[in-house]
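Beneath this line is the structure, given in structure tokens, with notes to follow.
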Amino acid sequence: MKHEKIIRSMTLEQKCAMLSGADTFRTRGTTDIPSIWLSDGPHGLRKQEGASDHLGLHPSRKATCFPTATTIANSWDESLGEEIGRALGAEAAEQQVAVVLGPGLNMKRNPLCGRNFEYFSEDPYLAGKLAAAYVRGIQEKGVSACPKHFAVNNQELRRMATDSIVDERTLREIYLTGFEIAVKEGKPGCIMTSYNKVGGVYANENEHLLVDILRREWGYDKAVVTDWGGSNDHALGVKCGSTLEMPAPGLDSVRELMAAVQSGKIAESDVDARLDELITLVLDAQPALQYGRPADMDAHHALARRAAAESIVLLKNEEGLLPLAEGTKVALIGDFAFTPRYQGAGSSVVNAVQVESLAEEIAGSGLDCVGMAKGYERSGDRNPALEKDAAELAAHADVALLCLGLTELDESEGLDRPHMHLAENQISLLNAVREKAKRVVVLFHAGSAVEMPWLDKCDALLHAALGGQAGASAMLDALTGKVNPSGKLAETWPVRYEDTPSLHHFGGDGVNVEYREGPFIGYRYYQKAGKPVRFPFGFGLSYTSFAYEGLTADTSGAVLTVRNTGERAGAEVVQLYVSKPDSKLPMPVQELKGFAKVFLQPGESREVRIPLDDKAFRYWNIKTNRWEVEGGEYEIRIGASSEDIRLTAKIAVEGIGMPAPYDAAELPGYYSGDVQNIPQAEFEKLLGRPVPVDKPVIDRNMTLGQLHHTRAPIGWIIGGVMNLMLKHKMKKGTADLNFLFVHNMPLRSIARMTGGIISMGVIDGLIMELKGFWVIGLCRMGYEFVRNLLLNAKQRKRLDAKSAG
């Protein structure tokens, strides 16, 4: 142990107390171990002032709101991610925050996940590289980053109680590779576990994830923290490598851990190991917290503007309409022009230092704005009068700038989207404006893919994603050509939701979330199945053009020359895909294994080298339980997108390991790519075990939204009322984040999230009540409540006395 002297001086009770939070965002402290702050921060710091709460409903300190991860991923620029990380780290140090809870690293398995705006990509290589860059940047300032949520956490519905049923190969290749890259290349000081089960075991106490993979295979020896309220069995978590239980479960959790040591369920050495990790996390941050300099907020705003501009994706540009010339008469239309969509909703919400709007910034753009109109109600209700005013205004301009996209309720922590459609009132406005306007440019704001059957109604489309506090000026820079859009989509945009691979196994009423599509998510599926898409992975237009030539390749990488053949300076993202057309495995057509972003002046050419690493040719062999390489001939494909391959080269790769571990006759859907309708028997062949029975169980993990399935009137009433409230709030169009969190919260989390007022014994009494033992259940609840108060008072007095001594 690094801190054996400190640990040996502490009692078991003191040590156990240190492994859970003091309040919502702070750890406990002693004379030797200072208390530290942890703060949300995927795209900006959220350190709350006064009373703290998990979802950020109380005010937080001002901080720079950078573009969200989904936006920065479109830049394909690791150096940009590192710059943003340094800014986040600087603001964290200034605000005395030791751990920045980010970046978010879950895969975009399905476009309806309400939290996709916080995540980078559908591709683990791209996501991992960008996450590692953020981590390096944050930690350069002396504080720790905390990649999350480890692992296989890809939906918001019942996220605290679902069981992700995924085969080992898919787990390794798709859902863990990004974390592996972030851990090995970024070397984070902390990792956050996810709420859900993986293969029947909660992630925070999952020995396979935390011990076998994270610590043994990847060599990780730093801290692991629960998601807030995400601890199921605290003692098992400690045994399996979970360092810190958050937010503030109270002293009942301390007693639980002590009892586990005393009973032999876990060893005291497990507690010591976790405490050693926590002390390292705390002490490593002290120099930055004590000597941190004030952050340069003006420089950070400028960085936020540049980051947003470099991440904008030009999705359509008929007849070269964009960029708009100086003095072009434009009409600015859409509610987002006045109240911008610049970040998502939930625990990541940043109290921005300043927030630009297009309505305010357009005056300095060089464009001649003839007027502005709201056009639609943000709630989704159609307003013919607003549409008429907007259409009439558009008739007086050369170009109508129409601000469309998803609202805060569409993209929120705690809630998945019900569909991929754009709001009908926005489509109605587009149709009305199209009838009157000479030209229509859509300025689109959304953190995930949207169906676009209306794409032919606009002449050009710029996708800003969620551009942060400086997104408005960045959009105007791209519109007017001050910045040449260089963003490329980090996720596929399907034609319609019905085309997605996880269509039948996302959301739903059950506890099980079956990953029946296997490794075929995103472009891996669309290309394998031959399914047309609206916009392919890696797609993005430019105001200039690029030529690729002179490819040479071997197992160490590829070298080529890229030339700017247009009349404007611009940046190109060169993408390297690896393919093995004759593979004996159920493999995607190709997989991204490298990329490079190069900026070129008109006529300039440059040699570009893209290295290949140890992940370029590997696959997980389920029989030998290790990474292996299928030998033979591979194609190195260089493209401007996953569907725009410009150059190819063939190379020979030496095999490592056994022949393919699968029988194609047993897995016809996976070999053909037709994974939307995989039968259960075939999925179980891939999985290697039966799919668990999926039915509600009245236990600690039943969610409050499921209480109508119980055997007690109190459960019927609570469950019924909560579901009626959910329907009402959805109809009203308001994102009540605390309600959404509670609706999806399992009963055990009541004990973990109430600061020690409620013990797990009280919850067990409630469960007896819900099972139909009404009188006994109520009596036990009362007894356990009083007992917990008495035990807390005695233990608090004892701990305070020891701290004072």
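Residue numbers start at 1 in each chain; chains themselves are named A, B, ... in the order of the structure tokens; ligands are numbered from 1 in the order shown.
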Mind checking DSSP for range 304-456 of chain A and telling me the strand (DSSP E or B) residues as a ChimeraX atom specification?
/A:313-317,329-333,345,352,368-373,399-405,412,415,440-445
For the selection just defined, write its residues with N, CA and C atoms to a file, as a compact mmCIF listing (two decimals), in the first residue's frame.
# COMPACT_ATOMS: atom_id res chain seq x y z
N VAL A 313 -21.20 20.14 -38.81
CA VAL A 313 -21.20 19.24 -39.96
C VAL A 313 -22.13 19.81 -41.04
N LEU A 314 -21.57 20.00 -42.22
CA LEU A 314 -22.35 20.44 -43.38
C LEU A 314 -22.96 19.19 -44.02
N LEU A 315 -24.28 19.03 -43.86
CA LEU A 315 -24.95 17.82 -44.34
C LEU A 315 -25.55 17.99 -45.73
N LYS A 316 -25.81 19.22 -46.15
CA LYS A 316 -26.38 19.46 -47.47
C LYS A 316 -26.00 20.86 -47.92
N ASN A 317 -25.71 21.00 -49.22
CA ASN A 317 -25.34 22.32 -49.75
C ASN A 317 -25.58 22.36 -51.25
N LYS A 329 -29.31 39.13 -47.75
CA LYS A 329 -30.52 39.41 -46.97
C LYS A 329 -31.08 38.10 -46.43
N VAL A 330 -31.15 38.01 -45.11
CA VAL A 330 -31.61 36.78 -44.48
C VAL A 330 -32.75 37.08 -43.51
N ALA A 331 -33.61 36.08 -43.34
CA ALA A 331 -34.65 36.11 -42.31
C ALA A 331 -34.30 35.04 -41.29
N LEU A 332 -34.24 35.40 -40.02
CA LEU A 332 -33.88 34.46 -38.96
C LEU A 332 -35.15 33.96 -38.29
N ILE A 333 -35.39 32.66 -38.39
CA ILE A 333 -36.67 32.10 -37.97
C ILE A 333 -36.45 30.89 -37.07
N ALA A 345 -30.11 18.00 -20.96
CA ALA A 345 -30.75 18.19 -19.66
C ALA A 345 -30.34 17.08 -18.72
N ALA A 352 -23.86 28.40 -17.40
CA ALA A 352 -22.86 28.99 -18.28
C ALA A 352 -22.52 30.43 -17.91
N ASP A 368 -27.26 40.72 -43.75
CA ASP A 368 -28.30 41.75 -43.62
C ASP A 368 -29.58 41.06 -43.17
N CYS A 369 -29.84 41.12 -41.88
CA CYS A 369 -31.02 40.45 -41.32
C CYS A 369 -32.23 41.35 -41.46
N VAL A 370 -33.19 40.93 -42.30
CA VAL A 370 -34.39 41.74 -42.55
C VAL A 370 -35.45 41.58 -41.47
N GLY A 371 -35.28 40.61 -40.59
CA GLY A 371 -36.23 40.42 -39.51
C GLY A 371 -36.08 39.05 -38.86
N MET A 372 -36.76 38.89 -37.73
CA MET A 372 -36.71 37.63 -36.98
C MET A 372 -38.13 37.22 -36.60
N ALA A 373 -38.36 35.93 -36.54
CA ALA A 373 -39.67 35.40 -36.16
C ALA A 373 -39.50 34.12 -35.37
N VAL A 399 -32.51 34.54 -48.32
CA VAL A 399 -32.33 33.24 -47.69
C VAL A 399 -33.05 33.23 -46.35
N ALA A 400 -33.83 32.19 -46.11
CA ALA A 400 -34.44 32.00 -44.79
C ALA A 400 -33.55 31.07 -43.98
N LEU A 401 -33.13 31.56 -42.82
CA LEU A 401 -32.34 30.75 -41.89
C LEU A 401 -33.31 30.16 -40.87
N LEU A 402 -33.52 28.87 -40.94
CA LEU A 402 -34.55 28.22 -40.14
C LEU A 402 -33.91 27.35 -39.06
N CYS A 403 -34.12 27.71 -37.81
CA CYS A 403 -33.50 27.01 -36.68
C CYS A 403 -34.43 25.91 -36.18
N LEU A 404 -34.05 24.68 -36.40
CA LEU A 404 -34.86 23.53 -36.03
C LEU A 404 -34.04 22.57 -35.17
N GLY A 405 -34.73 21.61 -34.53
CA GLY A 405 -34.01 20.59 -33.77
C GLY A 405 -34.83 19.98 -32.66
N SER A 412 -32.79 14.08 -22.54
CA SER A 412 -32.64 14.33 -21.12
C SER A 412 -32.16 13.08 -20.41
N LEU A 415 -34.64 9.89 -19.27
CA LEU A 415 -35.77 9.70 -20.18
C LEU A 415 -35.27 9.44 -21.59
N VAL A 440 -33.79 28.17 -48.53
CA VAL A 440 -33.96 27.81 -47.12
C VAL A 440 -32.72 27.08 -46.64
N VAL A 441 -32.13 27.60 -45.57
CA VAL A 441 -31.00 26.94 -44.90
C VAL A 441 -31.47 26.54 -43.51
N VAL A 442 -31.39 25.24 -43.22
CA VAL A 442 -31.75 24.74 -41.89
C VAL A 442 -30.51 24.70 -41.02
N LEU A 443 -30.63 25.34 -39.85
CA LEU A 443 -29.58 25.29 -38.83
C LEU A 443 -30.09 24.34 -37.76
N PHE A 444 -29.47 23.16 -37.69
CA PHE A 444 -30.05 22.06 -36.91
C PHE A 444 -29.30 21.87 -35.60
N HIS A 445 -30.10 21.69 -34.51
CA HIS A 445 -29.53 21.51 -33.18
C HIS A 445 -30.12 20.26 -32.54
Apply DSSP to the structure's backbone, then extract all residues of range 118-148 of chain A labelled helix (DSSP H, G or I) and return them as a short mmCIF file (atom, residue, chain, number, x, y, z; two decimals) with N, CA and C atoms, in the first residue's frame.
data_model
loop_
_atom_site.label_atom_id
_atom_site.label_comp_id
_atom_site.auth_asym_id
_atom_site.auth_seq_id
_atom_site.Cartn_x
_atom_site.Cartn_y
_atom_site.Cartn_z
N GLU A 118 -24.42 13.16 -24.32
CA GLU A 118 -23.25 13.13 -23.44
C GLU A 118 -22.18 12.16 -23.91
N PRO A 124 -16.31 2.39 -30.94
CA PRO A 124 -15.49 2.40 -29.72
C PRO A 124 -14.10 2.97 -29.91
N TYR A 125 -13.52 2.83 -31.10
CA TYR A 125 -12.17 3.35 -31.32
C TYR A 125 -12.19 4.88 -31.28
N LEU A 126 -13.12 5.49 -32.01
CA LEU A 126 -13.22 6.94 -32.02
C LEU A 126 -13.56 7.47 -30.63
N ALA A 127 -14.53 6.83 -29.97
CA ALA A 127 -14.92 7.27 -28.64
C ALA A 127 -13.76 7.17 -27.66
N GLY A 128 -13.04 6.07 -27.71
CA GLY A 128 -11.93 5.87 -26.79
C GLY A 128 -10.80 6.87 -26.99
N LYS A 129 -10.47 7.15 -28.24
CA LYS A 129 -9.40 8.10 -28.53
C LYS A 129 -9.75 9.51 -28.03
N LEU A 130 -11.00 9.93 -28.25
CA LEU A 130 -11.42 11.26 -27.81
C LEU A 130 -11.50 11.32 -26.29
N ALA A 131 -12.01 10.26 -25.67
CA ALA A 131 -12.09 10.23 -24.21
C ALA A 131 -10.70 10.30 -23.59
N ALA A 132 -9.76 9.55 -24.14
CA ALA A 132 -8.39 9.58 -23.63
C ALA A 132 -7.80 10.99 -23.72
N ALA A 133 -8.14 11.69 -24.80
CA ALA A 133 -7.66 13.07 -24.95
C ALA A 133 -8.23 13.98 -23.87
N TYR A 134 -9.53 13.88 -23.60
CA TYR A 134 -10.14 14.65 -22.52
C TYR A 134 -9.44 14.35 -21.19
N VAL A 135 -9.24 13.07 -20.92
CA VAL A 135 -8.63 12.66 -19.65
C VAL A 135 -7.24 13.27 -19.50
N ARG A 136 -6.44 13.18 -20.55
CA ARG A 136 -5.08 13.74 -20.48
C ARG A 136 -5.14 15.24 -20.21
N GLY A 137 -6.05 15.94 -20.88
CA GLY A 137 -6.15 17.38 -20.70
C GLY A 137 -6.58 17.75 -19.29
N ILE A 138 -7.62 17.11 -18.80
CA ILE A 138 -8.11 17.40 -17.45
C ILE A 138 -7.01 17.17 -16.42
N GLN A 139 -6.34 16.04 -16.52
CA GLN A 139 -5.37 15.66 -15.50
C GLN A 139 -4.05 16.42 -15.61
N GLU A 140 -3.82 17.07 -16.73
CA GLU A 140 -2.65 17.92 -16.86
C GLU A 140 -2.69 19.05 -15.84
#
What's around Val562 in chain A at 8 Å? Count only C-alpha atoms, leave out sequence neighbours fewer than 5 positions away in its own chain, and write the answer as a list in words.
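Here the qualifying residues turn out to be Phe546, Ala547, Tyr548, Glu549, Ser605, Arg606, Glu607 and Val608 of chain A.
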Could you save those same residues with N, CA and C atoms as a short mmCIF file (atom, residue, chain, number, x, y, z; two decimals), in the first residue's frame?
data_model
loop_
_atom_site.label_atom_id
_atom_site.label_comp_id
_atom_site.auth_asym_id
_atom_site.auth_seq_id
_atom_site.Cartn_x
_atom_site.Cartn_y
_atom_site.Cartn_z
N PHE A 546 -11.12 17.65 -51.67
CA PHE A 546 -9.84 17.03 -51.36
C PHE A 546 -9.62 15.80 -52.23
N ALA A 547 -8.38 15.60 -52.63
CA ALA A 547 -8.00 14.41 -53.39
C ALA A 547 -7.07 13.56 -52.54
N TYR A 548 -7.24 12.23 -52.64
CA TYR A 548 -6.40 11.28 -51.91
C TYR A 548 -5.56 10.53 -52.95
N GLU A 549 -4.28 10.29 -52.66
CA GLU A 549 -3.44 9.59 -53.63
C GLU A 549 -2.22 8.97 -52.93
N SER A 605 -0.71 20.19 -50.54
CA SER A 605 -0.79 18.75 -50.30
C SER A 605 0.12 18.39 -49.14
N ARG A 606 -0.22 17.27 -48.49
CA ARG A 606 0.57 16.87 -47.34
C ARG A 606 0.52 15.36 -47.20
N GLU A 607 1.66 14.81 -46.79
CA GLU A 607 1.69 13.38 -46.50
C GLU A 607 1.06 13.13 -45.13
N VAL A 608 0.19 12.15 -45.09
CA VAL A 608 -0.53 11.82 -43.86
C VAL A 608 -0.20 10.39 -43.49
#
Spatial neighbours of range 8-22 of chain A, 6 Å, only C-alpha atoms, chain gap at least 2 places, as a PyMOL selection string
chain A and resi 4-6+26-28+244-248+254
Restrict the selected residues to C-alpha atoms and save them as a tab-separated table (two decimals), in the first residue's frame.
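Output below, filename selection12.tsv:
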chain	number	residue	atom	x	y	z
A	4	GLU	CA	0.12	2.16	4.97
A	5	LYS	CA	1.06	4.45	7.86
A	6	ILE	CA	-2.19	6.42	7.64
A	26	ARG	CA	-18.03	15.51	-1.06
A	27	THR	CA	-16.08	12.70	0.53
A	28	ARG	CA	-15.52	12.34	4.26
A	244	LEU	CA	-16.18	5.00	-3.05
A	245	GLU	CA	-19.96	4.80	-2.57
A	246	MET	CA	-21.76	8.03	-3.47
A	247	PRO	CA	-23.55	10.24	-2.76
A	248	ALA	CA	-24.10	10.00	1.04
A	254	VAL	CA	-20.71	1.93	7.29
Within 8 Å of range 501-509 of chain A using only C-alpha atoms, minus same-chain residues under 5 positions, as a VMD selection string:
chain A and resid 109 to 110 155 157 514 to 517 520 to 522 525 675 to 677
Prev. selection, N, CA, C and O atoms, output as a PDB file, in the first residue's frame:
ATOM      1  N   ARG A 109     -25.698   2.929 -28.936  1.00  0.00           N
ATOM      2  CA  ARG A 109     -26.300   1.702 -29.448  1.00  0.00           C
ATOM      3  C   ARG A 109     -27.592   1.983 -30.200  1.00  0.00           C
ATOM      4  O   ARG A 109     -27.899   1.333 -31.201  1.00  0.00           O
ATOM      5  N   ASN A 110     -28.358   2.940 -29.702  1.00  0.00           N
ATOM      6  CA  ASN A 110     -29.671   3.242 -30.268  1.00  0.00           C
ATOM      7  C   ASN A 110     -29.871   4.753 -30.266  1.00  0.00           C
ATOM      8  O   ASN A 110     -29.557   5.414 -29.269  1.00  0.00           O
ATOM      9  N   GLN A 155     -29.260   2.918 -22.128  1.00  0.00           N
ATOM     10  CA  GLN A 155     -30.618   3.455 -22.147  1.00  0.00           C
ATOM     11  C   GLN A 155     -30.907   4.067 -20.787  1.00  0.00           C
ATOM     12  O   GLN A 155     -30.298   3.721 -19.781  1.00  0.00           O
ATOM     13  N   LEU A 157     -34.279   4.362 -19.535  1.00  0.00           N
ATOM     14  CA  LEU A 157     -35.431   3.705 -18.928  1.00  0.00           C
ATOM     15  C   LEU A 157     -34.983   2.635 -17.934  1.00  0.00           C
ATOM     16  O   LEU A 157     -34.245   1.720 -18.288  1.00  0.00           O
ATOM     17  N   GLU A 514     -31.748  -7.111 -23.952  1.00  0.00           N
ATOM     18  CA  GLU A 514     -31.016  -8.110 -24.723  1.00  0.00           C
ATOM     19  C   GLU A 514     -30.298  -7.464 -25.904  1.00  0.00           C
ATOM     20  O   GLU A 514     -30.933  -6.851 -26.765  1.00  0.00           O
ATOM     21  N   TYR A 515     -29.002  -7.629 -25.939  1.00  0.00           N
ATOM     22  CA  TYR A 515     -28.179  -7.063 -27.011  1.00  0.00           C
ATOM     23  C   TYR A 515     -28.099  -8.091 -28.142  1.00  0.00           C
ATOM     24  O   TYR A 515     -27.022  -8.563 -28.498  1.00  0.00           O
ATOM     25  N   ARG A 516     -29.265  -8.377 -28.705  1.00  0.00           N
ATOM     26  CA  ARG A 516     -29.348  -9.448 -29.703  1.00  0.00           C
ATOM     27  C   ARG A 516     -28.607  -9.100 -30.990  1.00  0.00           C
ATOM     28  O   ARG A 516     -28.258 -10.004 -31.763  1.00  0.00           O
ATOM     29  N   GLU A 517     -28.388  -7.831 -31.239  1.00  0.00           N
ATOM     30  CA  GLU A 517     -27.693  -7.458 -32.474  1.00  0.00           C
ATOM     31  C   GLU A 517     -26.211  -7.788 -32.419  1.00  0.00           C
ATOM     32  O   GLU A 517     -25.504  -7.693 -33.434  1.00  0.00           O
ATOM     33  N   PHE A 520     -23.047  -5.776 -34.114  1.00  0.00           N
ATOM     34  CA  PHE A 520     -23.498  -5.010 -35.281  1.00  0.00           C
ATOM     35  C   PHE A 520     -24.342  -3.806 -34.863  1.00  0.00           C
ATOM     36  O   PHE A 520     -25.569  -3.800 -34.990  1.00  0.00           O
ATOM     37  N   ILE A 521     -23.652  -2.768 -34.361  1.00  0.00           N
ATOM     38  CA  ILE A 521     -24.320  -1.505 -34.061  1.00  0.00           C
ATOM     39  C   ILE A 521     -23.809  -0.455 -35.046  1.00  0.00           C
ATOM     40  O   ILE A 521     -22.707  -0.553 -35.590  1.00  0.00           O
ATOM     41  N   GLY A 522     -24.621   0.569 -35.283  1.00  0.00           N
ATOM     42  CA  GLY A 522     -24.208   1.655 -36.154  1.00  0.00           C
ATOM     43  C   GLY A 522     -23.842   1.178 -37.548  1.00  0.00           C
ATOM     44  O   GLY A 522     -24.495   0.303 -38.122  1.00  0.00           O
ATOM     45  N   TYR A 525     -23.671  -2.459 -38.627  1.00  0.00           N
ATOM     46  CA  TYR A 525     -24.909  -3.139 -39.040  1.00  0.00           C
ATOM     47  C   TYR A 525     -25.357  -2.689 -40.419  1.00  0.00           C
ATOM     48  O   TYR A 525     -25.636  -3.521 -41.300  1.00  0.00           O
ATOM     49  N   VAL A 675     -29.700  -8.935 -38.247  1.00  0.00           N
ATOM     50  CA  VAL A 675     -29.751  -9.101 -36.791  1.00  0.00           C
ATOM     51  C   VAL A 675     -30.964  -8.443 -36.140  1.00  0.00           C
ATOM     52  O   VAL A 675     -31.116  -8.496 -34.916  1.00  0.00           O
ATOM     53  N   GLN A 676     -31.827  -7.835 -36.933  1.00  0.00           N
ATOM     54  CA  GLN A 676     -33.004  -7.210 -36.336  1.00  0.00           C
ATOM     55  C   GLN A 676     -33.956  -8.230 -35.723  1.00  0.00           C
ATOM     56  O   GLN A 676     -34.657  -7.922 -34.754  1.00  0.00           O
ATOM     57  N   ASN A 677     -33.993  -9.425 -36.301  1.00  0.00           N
ATOM     58  CA  ASN A 677     -34.981 -10.416 -35.874  1.00  0.00           C
ATOM     59  C   ASN A 677     -34.316 -11.741 -35.487  1.00  0.00           C
ATOM     60  O   ASN A 677     -34.757 -12.810 -35.899  1.00  0.00           O
TER      61      ASN A 677
END
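CA of Glu319 in chain A lies 26.1 Å from CA of Lys597 in chain A.
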What does the distance from CA of Glu326 in chain A to CA of Ala478 in chain A come to in Å, to one decimal?
12.7 Å
I'd like the contact shell of Gln343 in chain A - 10 Å cut-off, only C-alpha atoms, skipping same-chain residues fewer than 3 positions apart - returned as a ChimeraX atom specification.
/A:43,65-69,71,117-118,340,346,348-350,408,411-412,445-447,465-469,471
Could you turn the residues from that selection into a file that holds C-alpha atoms, as a PDB file, in the first residue's frame?
ATOM      1  CA  HIS A  43     -18.687  19.500 -20.974  1.00  0.00           C
ATOM      2  CA  CYS A  65     -20.290  25.413 -21.119  1.00  0.00           C
ATOM      3  CA  PHE A  66     -18.327  23.707 -23.876  1.00  0.00           C
ATOM      4  CA  PRO A  67     -20.000  21.787 -26.713  1.00  0.00           C
ATOM      5  CA  THR A  68     -21.218  18.378 -25.553  1.00  0.00           C
ATOM      6  CA  ALA A  69     -19.380  15.139 -26.328  1.00  0.00           C
ATOM      7  CA  THR A  71     -20.619  17.620 -30.803  1.00  0.00           C
ATOM      8  CA  PHE A 117     -25.732  13.934 -26.240  1.00  0.00           C
ATOM      9  CA  GLU A 118     -23.254  13.126 -23.436  1.00  0.00           C
ATOM     10  CA  PRO A 340     -30.694  28.375 -28.016  1.00  0.00           C
ATOM     11  CA  GLY A 346     -29.870  16.406 -16.434  1.00  0.00           C
ATOM     12  CA  SER A 348     -24.554  17.618 -16.858  1.00  0.00           C
ATOM     13  CA  VAL A 349     -26.341  20.992 -17.051  1.00  0.00           C
ATOM     14  CA  VAL A 350     -23.848  23.837 -16.756  1.00  0.00           C
ATOM     15  CA  GLU A 408     -34.708  19.749 -23.870  1.00  0.00           C
ATOM     16  CA  GLU A 411     -32.887  14.739 -24.842  1.00  0.00           C
ATOM     17  CA  SER A 412     -32.640  14.327 -21.119  1.00  0.00           C
ATOM     18  CA  HIS A 445     -29.527  21.511 -33.182  1.00  0.00           C
ATOM     19  CA  ALA A 446     -29.750  18.006 -31.712  1.00  0.00           C
ATOM     20  CA  GLY A 447     -27.627  15.610 -29.691  1.00  0.00           C
ATOM     21  CA  ALA A 465     -25.364  19.341 -32.568  1.00  0.00           C
ATOM     22  CA  LEU A 466     -25.265  21.010 -29.108  1.00  0.00           C
ATOM     23  CA  GLY A 467     -22.680  23.728 -29.486  1.00  0.00           C
ATOM     24  CA  GLY A 468     -22.228  25.057 -25.963  1.00  0.00           C
ATOM     25  CA  GLN A 469     -22.307  28.660 -24.828  1.00  0.00           C
ATOM     26  CA  GLY A 471     -22.479  27.924 -30.448  1.00  0.00           C
TER      27      GLY A 471
END
Spatial neighbours of Gln680 in chain A, 9 Å, only C-alpha atoms, chain gap at least 4 places, as a ChimeraX atom specification:
/A:516,684-685,690-691
Selection from above, all heavy atoms, as a compact mmCIF listing (two decimals), in the first residue's frame, can you write it?
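Generated file (part13.txt):
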# COMPACT_ATOMS: atom_id res chain seq x y z
N ARG A 516 -29.27 -8.38 -28.70
CA ARG A 516 -29.35 -9.45 -29.70
C ARG A 516 -28.61 -9.10 -30.99
O ARG A 516 -28.26 -10.00 -31.76
CB ARG A 516 -30.82 -9.77 -30.01
CG ARG A 516 -31.53 -10.49 -28.90
CD ARG A 516 -32.73 -11.27 -29.40
NE ARG A 516 -33.50 -11.83 -28.30
CZ ARG A 516 -34.49 -12.67 -28.44
NH1 ARG A 516 -34.88 -13.04 -29.66
NH2 ARG A 516 -35.15 -13.13 -27.39
N GLU A 684 -29.03 -17.21 -27.89
CA GLU A 684 -28.46 -18.01 -26.81
C GLU A 684 -27.22 -18.77 -27.26
O GLU A 684 -26.30 -19.00 -26.46
CB GLU A 684 -29.52 -18.95 -26.25
CG GLU A 684 -30.61 -18.21 -25.46
CD GLU A 684 -31.69 -19.13 -24.93
OE1 GLU A 684 -31.81 -20.27 -25.44
OE2 GLU A 684 -32.43 -18.71 -24.01
N LYS A 685 -27.16 -19.14 -28.54
CA LYS A 685 -25.94 -19.75 -29.08
C LYS A 685 -24.79 -18.75 -29.03
O LYS A 685 -23.66 -19.09 -28.65
CB LYS A 685 -26.18 -20.22 -30.52
CG LYS A 685 -27.00 -21.47 -30.66
CD LYS A 685 -26.21 -22.71 -30.24
CE LYS A 685 -27.00 -23.98 -30.50
NZ LYS A 685 -26.26 -25.18 -30.05
N PRO A 690 -28.49 -19.63 -21.45
CA PRO A 690 -29.90 -19.24 -21.65
C PRO A 690 -30.13 -17.78 -21.26
O PRO A 690 -29.45 -17.24 -20.38
CB PRO A 690 -30.66 -20.18 -20.70
CG PRO A 690 -29.71 -21.28 -20.38
CD PRO A 690 -28.34 -20.70 -20.45
N VAL A 691 -31.10 -17.16 -21.90
CA VAL A 691 -31.51 -15.81 -21.53
C VAL A 691 -32.31 -15.91 -20.23
O VAL A 691 -33.21 -16.75 -20.11
CB VAL A 691 -32.38 -15.17 -22.63
CG1 VAL A 691 -32.95 -13.83 -22.18
CG2 VAL A 691 -31.56 -15.00 -23.91
A:Asn723, A:Ser39, A:Ser121, A:Ser642: which is nearest Leu704 in chain A, counting only C-alpha atoms?
A:Asn723
Atomic separation - CA of Gly380 in chain A relative to CA of Ala460 in chain A, Å
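Distance reported for this atom pair: 23.7 Å.
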Rank nothing, just name the residue among A:Asp270, A:Glu356, A:Asp296, A:Glu413 nearest to Tyr119 in chain A, using only C-alpha atoms.
A:Glu413
Using only C-alpha atoms, pick whichever of A:Trp620, A:Phe336, A:Tyr634, A:Tyr376 has the shortest atom-to-atom distance to Leu358 in chain A.
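Distance minimum relative to Leu358 in chain A lands on A:Phe336.
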